[in-house]
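**Student:** Sharing a structure below in structure tokens format, with a few things to ask.
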Amino acid sequence: MEAGTPQVVKLEDLHISGQLSGRKHILSILVENKPGVLARIAGLFSRRGFNIDTLAVGPTDDERLSRITLTLDGAMHPIDQVTKQLHKLVNVIKIRDLEPADTVARELALFKISADGASRGEVMQVVEIFRGKIIDVTRRSLIVEVTGTWEKVEAFERMVRPFGLVEMARTGEIAISRGRGET
Amino acid sequence: MGLGSFPSTHEHWLGMLGMHGTWTANHAMDKADLIVCIGARFDDRITGKLDEFAPHAKVIHIDIDPAEISKNVGAHIPIVGDAKQVLPKLTREYRALQTDSSRLDDWWNTLRGWQDAHPLYYEAGENGEIKPQFMIEAMHRATQGDAIITSDVGQHQMWTAQYYGFDKPRRWINSGGLGTMGFGLPSAIGAKVACPDEQVVCIAGDGSLIMNIQEMATCVSENVPVKVFLMNNGYMGMVRQWQELFWDRRYSSVDMGSSPDWVKLAEAFGAKGMRAENSADLEEQMVAALEHDGPVLLDVRVAREENCYPMIPPGNAARDMVEAPRGAVS
């Protein structure tokens with residue numbers, strides 16, 4: 001209904017607009033590049049009980065600003081509450097809840113896989129399929145670098161785990177909006 | 001806590017809402033089909049058990065901070081804006097509808113019935129014993145109900161909220177949901193400096209006052225004539241009440257033990273100290289304290305183990321409210 005419309009609504013027709021989206025959200029947050037800013041944001045999340053799935057912080061093209069990319073589960077948290085609370089912090093300049101279809105997201109992951117003579121070839125095939133890179137090799141192990149979306153990294157993990165996944169490190173996704181416009 | 005923004009003497013005032021609010025106000029929320037919330041945040045002391053709060057109600061939530069909308073209770077109609085600007089526009093629209101107010105007569109009759117059946121109640125003190133509720137009523141009379149009242153946190157705060165009857169806005173200054181004991185005295189100093197022509201009374205509990213009593217030195221050295229009315233029961237009363245009601249009177253760390261002599265303490269700071277031990281001359285002493293030209297600490301010895309009712313036990317819904325026992329020996 002348009003604002004100012006002289007129309008009476010019935011109580012039973014009123015509904016609370018949907019709060020839980022049920023999907024993963026990527027928030028791209030421009031913040032001041034100052035000491036303590038990350039602590040304030042992390043503090044807000046812990047006080048409010050928001051659970052962050054991943055968090056990545058890095059510089060932007062403007063040295064005064066940093067970009068925080070964080071992913072959250074929209075099935076557990078009302079995302080608009082999260083963004084409204086973040087907006088109240090003075091160090092937060094801009095927040096975007098990125099639309100999946102208009103967003104390019106990438107994550108870097110390092111996998112240390114136990115691979116001896118017998119299984120090495122097979123592991124290397126998987127690495128090739130995922131367009132990963134072998135960046136360290138010993139007689140008993142490989143270290144593989146994989147980049148891609150969160151889902152691709154998950155898929156790679158599932159494929160190599162049976163060979164013996166010694167350890168894994170992931171950066172969490174960073175993201176940027178498609179097209180010419182700024183994120 | 002918003003008390004005074006709607007005059008307590010108005011016929012449509014149902015009393016404070018929440019854990020120690022009135023029976024009628026809480027049950028009205030429980031049965032309401034529409035709630036208009038202006039600048040409040042539905043905190044847990046208001047809602048009780050959140051998912052059983054106002055189960056039939058649609059909510060219109062007006063707040064200047066968008067983050068408050070749907071934070072605790074979902075808003076069916078969110079309005080983000082300054083209440084001062086929103087309310088005149090809203091009332092203009094509402095009046096234009098020319099609704100028939102008699103459609104609410106049944107509802108008001110129900111509410112009146114509840115008010116008659118479930119008023120605020122306490123057993124009167126005997127033999128000059130000062131009941132804390134009586135102390136607040138005496139304070140209301142002594143100040144003609146027109147003082148800026150600051151408070152600490154606990155039973156005295158809830159009794160003041162229940163019994164003082166605020167009729168004007170910005171007269172009830174306390175830290176609300178922050179729950180900061182010791183808030184009353186320094187905020188009374190601030191209120192008195194800001195409004196030197198107003199009566200400013202700090203109603204304090206003995207557990208709270210001791211947390212910031214050093215500010216008496218500020219009152220004296222800066223010559224700020226605030227009046228501290230100390231509701232002295234020798235306990236951290238609200239915590240004691242919970243231990244009585246929910247932990248079978250196994251009191252732990254609530255008895256204040258050997259408290260200071262408050263009169264001497266006030267005098268040590270260079271302020272005037274007074275003591276009231278009999279309900280007969282309490283009001284008179286309050287008036288004397290108010291008329292004294294300078295800071296005063298009035299130590300009022302109240303009934304030790306009085307409980308603050310009605311009460312929604314923590315984790316319960318508003319409709320599970322417990323009222324003061326009548327005629328029972330407490």
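Numbering starts fresh at 1 for the residues of each chain in the structure tokens, the chains themselves are lettered A, B, ... in the order given, and ligands are numbered from 1 as they appear.
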With a distance cut-off of 10 Å and only C-alpha atoms, select the neighbouring residues of A:Leu110, excluding the residue or stretch itself and same-chain residues fewer than 5 positions from it, and output the selection as a list of chain:residue names.

**Tutor:**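 So, after excluding close chain neighbours, the residues are A:Gly132, A:Lys133, A:Ile134, A:Ile135, A:Ile143, A:Val144, A:Glu145, A:Val146, A:Thr147, A:Val153, A:Glu167, A:Met168, A:Ala169, A:Arg170, A:Thr171.
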
**Student:** Suppose we keep C-alpha atoms; can you now write the selection as a PDB file, in the first residue's frame?

**Tutor:**
```pdb
ATOM      1  CA  GLY A 132      44.059 -26.716  -8.390  1.00  0.00           C
ATOM      2  CA  LYS A 133      47.829 -26.293  -8.101  1.00  0.00           C
ATOM      3  CA  ILE A 134      50.290 -28.536  -6.368  1.00  0.00           C
ATOM      4  CA  ILE A 135      52.610 -26.208  -4.521  1.00  0.00           C
ATOM      5  CA  ILE A 143      49.997 -29.468  -0.643  1.00  0.00           C
ATOM      6  CA  VAL A 144      47.324 -28.254  -3.035  1.00  0.00           C
ATOM      7  CA  GLU A 145      46.058 -24.748  -3.632  1.00  0.00           C
ATOM      8  CA  VAL A 146      42.443 -24.449  -4.751  1.00  0.00           C
ATOM      9  CA  THR A 147      40.477 -21.326  -5.468  1.00  0.00           C
ATOM     10  CA  VAL A 153      36.199 -25.850  -2.160  1.00  0.00           C
ATOM     11  CA  GLU A 167      45.003 -30.503   7.328  1.00  0.00           C
ATOM     12  CA  MET A 168      43.268 -27.683   5.560  1.00  0.00           C
ATOM     13  CA  ALA A 169      43.272 -23.897   5.739  1.00  0.00           C
ATOM     14  CA  ARG A 170      40.609 -21.700   4.120  1.00  0.00           C
ATOM     15  CA  THR A 171      40.440 -17.954   3.777  1.00  0.00           C
TER      16      THR A 171
END
```

**Student:** Pull out every residue of chain A sitting within 9 Å of chain B, counting only C-alpha atoms, and send them as a PyMOL selection string.

**Tutor:** chain A and resi 4+6+8+11-12+14-17+19+78+80-85+87-88

**Student:** Next, dump the selected residues to file, keeping only N, CA and C atoms, as a short mmCIF file (atom, residue, chain, number, x, y, z; two decimals), in the first residue's frame.

**Tutor:**
```cif
data_model
loop_
_atom_site.label_atom_id
_atom_site.label_comp_id
_atom_site.auth_asym_id
_atom_site.auth_seq_id
_atom_site.Cartn_x
_atom_site.Cartn_y
_atom_site.Cartn_z
N GLY A 4 0.21 7.23 2.66
CA GLY A 4 -0.79 8.27 2.48
C GLY A 4 -2.08 7.78 1.86
N PRO A 6 -5.55 6.53 1.86
CA PRO A 6 -6.57 6.50 2.91
C PRO A 6 -7.37 5.20 2.86
N VAL A 8 -8.27 1.58 4.88
CA VAL A 8 -8.19 0.92 6.17
C VAL A 8 -7.79 -0.53 5.96
N LEU A 11 -6.89 -5.97 10.62
CA LEU A 11 -5.85 -6.54 11.47
C LEU A 11 -5.38 -7.89 10.95
N GLU A 12 -6.36 -8.70 10.53
CA GLU A 12 -5.98 -10.07 10.14
C GLU A 12 -5.17 -10.10 8.84
N LEU A 14 -2.60 -8.20 8.38
CA LEU A 14 -1.24 -7.75 8.67
C LEU A 14 -0.32 -8.94 8.95
N HIS A 15 0.86 -8.87 8.38
CA HIS A 15 1.83 -9.94 8.62
C HIS A 15 3.20 -9.34 8.89
N ILE A 16 3.98 -10.08 9.64
CA ILE A 16 5.37 -9.65 9.87
C ILE A 16 6.16 -10.07 8.65
N SER A 17 6.90 -9.11 8.08
CA SER A 17 7.66 -9.47 6.89
C SER A 17 8.74 -10.49 7.26
N GLN A 19 11.63 -12.81 8.15
CA GLN A 19 12.86 -12.43 8.84
C GLN A 19 14.03 -13.36 8.50
N PRO A 78 18.37 -13.21 11.49
CA PRO A 78 17.70 -12.26 10.62
C PRO A 78 18.75 -11.28 10.08
N ASP A 80 18.64 -8.66 8.26
CA ASP A 80 18.41 -7.21 8.36
C ASP A 80 18.75 -6.69 9.76
N GLN A 81 18.56 -7.53 10.78
CA GLN A 81 18.98 -7.14 12.14
C GLN A 81 20.50 -6.96 12.18
N VAL A 82 21.21 -7.89 11.53
CA VAL A 82 22.68 -7.82 11.53
C VAL A 82 23.13 -6.53 10.85
N THR A 83 22.57 -6.23 9.68
CA THR A 83 23.03 -5.04 8.96
C THR A 83 22.62 -3.76 9.70
N LYS A 84 21.44 -3.75 10.30
CA LYS A 84 21.02 -2.56 11.05
C LYS A 84 21.95 -2.31 12.24
N GLN A 85 22.31 -3.37 12.92
CA GLN A 85 23.21 -3.20 14.06
C GLN A 85 24.58 -2.72 13.59
N HIS A 87 25.24 -0.97 11.00
CA HIS A 87 25.13 0.43 10.57
C HIS A 87 25.27 1.40 11.74
N LYS A 88 25.01 0.92 12.95
CA LYS A 88 25.09 1.82 14.10
C LYS A 88 26.53 2.10 14.52
#
```

**Student:** Tell me, as a ChimeraX atom specification, which residues lie within 8 Å of B:Val302, counting only C-alpha atoms; anything in the same chain fewer than 4 positions away does not count.

**Tutor:** /B:129-132,135,231-233,277

**Student:** With only C-alpha atoms counted and 9 Å as the cut-off, give the residues of stretch 127-176 of chain A in contact with stretch 53-66 of chain A, each with its shortest interatomic distance in Å and the pair that gives it, as a Markdown table.

**Tutor:**
```
| residue | atom | partner | partner_atom | distance |
| --- | --- | --- | --- | --- |
| A:Thr171 | CA | A:Ala56 | CA | 6.7 |
| A:Gly172 | CA | A:Thr54 | CA | 4.9 |
| A:Glu173 | CA | A:Ala56 | CA | 6.9 |
| A:Ile174 | CA | A:Ala56 | CA | 6.5 |
```

**Student:** For the residues selected in the previous step, produce a file with N, CA and C atoms as a PDB file, in the first residue's frame.

**Tutor:**
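Below is the file part-v8.pdb, written as the result:
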```pdb
ATOM      1  N   THR A 171      40.449 -19.391   3.510  1.00  0.00           N
ATOM      2  CA  THR A 171      40.440 -17.954   3.777  1.00  0.00           C
ATOM      3  C   THR A 171      39.054 -17.417   4.105  1.00  0.00           C
ATOM      4  N   GLY A 172      38.027 -18.133   3.722  1.00  0.00           N
ATOM      5  CA  GLY A 172      36.692 -17.531   3.733  1.00  0.00           C
ATOM      6  C   GLY A 172      36.532 -16.742   2.460  1.00  0.00           C
ATOM      7  N   GLU A 173      35.298 -16.640   1.996  1.00  0.00           N
ATOM      8  CA  GLU A 173      35.081 -15.993   0.704  1.00  0.00           C
ATOM      9  C   GLU A 173      35.317 -14.494   0.756  1.00  0.00           C
ATOM     10  N   ILE A 174      35.864 -13.977  -0.350  1.00  0.00           N
ATOM     11  CA  ILE A 174      35.773 -12.545  -0.592  1.00  0.00           C
ATOM     12  C   ILE A 174      34.879 -12.375  -1.814  1.00  0.00           C
TER      13      ILE A 174
END
```

**Student:** Would you return as an MDAnalysis selection string the members of stretch 34-136 of chain A that DSSP assigns to strand (DSSP E) on this structure's backbone?

**Tutor:** chainID A and resid 52:59 65:73 92:98 103:114 133:136

**Student:** Just checking: using only C-alpha atoms, which residue out of A:Leu142, A:Val160, A:Leu27, A:Ala39 ends up closest to A:Gly117?

**Tutor:** A:Leu142

**Student:** Would you work out the distance separating atom CA of A:Ile79 from atom CA of B:Phe53, expressed in Å to one decimal?

**Tutor:** 23.1 Å

**Student:** If you count only C-alpha atoms, which residues fall within 12 Å of stretch 242-256 of chain B, apart from same-chain ones fewer than 2 positions away, as a ChimeraX atom specification?

**Tutor:** /B:154-155,205-210,232-240,258-260,304-309,311-314,322,330

**Student:** Any idea what the distance is between atom CA of A:Leu165 and atom CA of A:Ile113?

**Tutor:**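 Straight-line distance from atom CA of A:Leu165 to atom CA of A:Ile113 works out to 4.6 Å.
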
**Student:** One number please: atom CA of B:Glu323 to atom CA of B:Phe166, in Å, one decimal.

**Tutor:**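 Spanning atom CA of B:Glu323 to atom CA of B:Phe166 is a straight-line distance of 22.4 Å.
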
**Student:** Please, which residues of stretch 84-261 of chain B, numbered as in this document, come out helix (DSSP H, G or I) from DSSP, as a ChimeraX atom specification?

**Tutor:** /B:84-97,101-117,132-142,155-163,176-178,184-194,206-209,215-221,237-246

**Student:** Write out as a list in words each polymer residue whose atoms come within 12 Å of A:Ala75, counting only C-alpha atoms; drop sequence neighbours fewer than 6 positions from it.

**Tutor:** Gly18, Gln19, Leu20, Ser21, Gly22, Arg23, Lys24, His25, Phe50 and Asn51 of chain A

**Student:** Write a file of the selected residues as a PDB file, in the first residue's frame, keeping N, CA and C atoms.

**Tutor:**
```pdb
ATOM      1  N   GLY A  18       9.022 -11.384   6.311  1.00  0.00           N
ATOM      2  CA  GLY A  18       9.905 -12.529   6.550  1.00  0.00           C
ATOM      3  C   GLY A  18      11.237 -12.120   7.140  1.00  0.00           C
ATOM      4  N   GLN A  19      11.631 -12.808   8.155  1.00  0.00           N
ATOM      5  CA  GLN A  19      12.865 -12.430   8.840  1.00  0.00           C
ATOM      6  C   GLN A  19      14.027 -13.357   8.503  1.00  0.00           C
ATOM      7  N   LEU A  20      13.758 -14.637   8.423  1.00  0.00           N
ATOM      8  CA  LEU A  20      14.838 -15.575   8.139  1.00  0.00           C
ATOM      9  C   LEU A  20      14.775 -15.962   6.667  1.00  0.00           C
ATOM     10  N   SER A  21      15.862 -15.701   5.942  1.00  0.00           N
ATOM     11  CA  SER A  21      15.857 -15.972   4.508  1.00  0.00           C
ATOM     12  C   SER A  21      16.133 -17.438   4.230  1.00  0.00           C
ATOM     13  N   GLY A  22      16.838 -18.097   5.144  1.00  0.00           N
ATOM     14  CA  GLY A  22      17.127 -19.511   4.960  1.00  0.00           C
ATOM     15  C   GLY A  22      18.315 -19.807   4.061  1.00  0.00           C
ATOM     16  N   ARG A  23      18.965 -18.786   3.528  1.00  0.00           N
ATOM     17  CA  ARG A  23      20.132 -19.064   2.683  1.00  0.00           C
ATOM     18  C   ARG A  23      21.376 -18.387   3.256  1.00  0.00           C
ATOM     19  N   LYS A  24      22.501 -18.742   2.652  1.00  0.00           N
ATOM     20  CA  LYS A  24      23.756 -18.115   3.056  1.00  0.00           C
ATOM     21  C   LYS A  24      23.815 -16.686   2.522  1.00  0.00           C
ATOM     22  N   HIS A  25      24.295 -15.766   3.322  1.00  0.00           N
ATOM     23  CA  HIS A  25      24.444 -14.381   2.872  1.00  0.00           C
ATOM     24  C   HIS A  25      25.902 -13.974   2.907  1.00  0.00           C
ATOM     25  N   PHE A  50      25.423 -13.361  17.110  1.00  0.00           N
ATOM     26  CA  PHE A  50      25.439 -13.730  15.699  1.00  0.00           C
ATOM     27  C   PHE A  50      26.657 -14.617  15.454  1.00  0.00           C
ATOM     28  N   ASN A  51      26.458 -15.699  14.766  1.00  0.00           N
ATOM     29  CA  ASN A  51      27.570 -16.606  14.503  1.00  0.00           C
ATOM     30  C   ASN A  51      28.070 -16.402  13.073  1.00  0.00           C
TER      31      ASN A  51
END
```

**Student:** Tell me, as a ChimeraX atom specification, which residues lie within 12 Å of B:Asp320, counting only C-alpha atoms; anything in the same chain fewer than 5 positions away does not count.

**Tutor:** /B:18-19,23,26-27,30,47-49,52-53,310-315

**Student:** Export, as a PDB file, in the first residue's frame, the selected residues with C-alpha atoms.

**Tutor:**
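Ended up saving to selection.pdb:
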```
ATOM      1  CA  GLY B  18       6.186  -6.008  32.802  1.00  0.00           C
ATOM      2  CA  MET B  19       7.682  -8.140  35.529  1.00  0.00           C
ATOM      3  CA  TRP B  23      -2.025  -7.164  36.681  1.00  0.00           C
ATOM      4  CA  ASN B  26      -0.026  -7.244  31.649  1.00  0.00           C
ATOM      5  CA  HIS B  27      -3.278  -9.034  31.001  1.00  0.00           C
ATOM      6  CA  ASP B  30      -1.968 -10.761  26.771  1.00  0.00           C
ATOM      7  CA  THR B  47       7.623  -9.382  27.673  1.00  0.00           C
ATOM      8  CA  GLY B  48       8.316 -12.179  30.123  1.00  0.00           C
ATOM      9  CA  LYS B  49       8.575 -15.369  28.096  1.00  0.00           C
ATOM     10  CA  GLU B  52       4.168 -16.207  24.704  1.00  0.00           C
ATOM     11  CA  PHE B  53       4.065 -12.430  24.773  1.00  0.00           C
ATOM     12  CA  PRO B 310       2.768  -8.383  41.531  1.00  0.00           C
ATOM     13  CA  MET B 311       5.441 -10.343  39.777  1.00  0.00           C
ATOM     14  CA  ILE B 312       5.857 -12.363  36.622  1.00  0.00           C
ATOM     15  CA  PRO B 313       8.269 -15.106  37.669  1.00  0.00           C
ATOM     16  CA  PRO B 314      11.297 -15.116  35.370  1.00  0.00           C
ATOM     17  CA  GLY B 315      10.775 -17.199  32.240  1.00  0.00           C
TER      18      GLY B 315
END
```
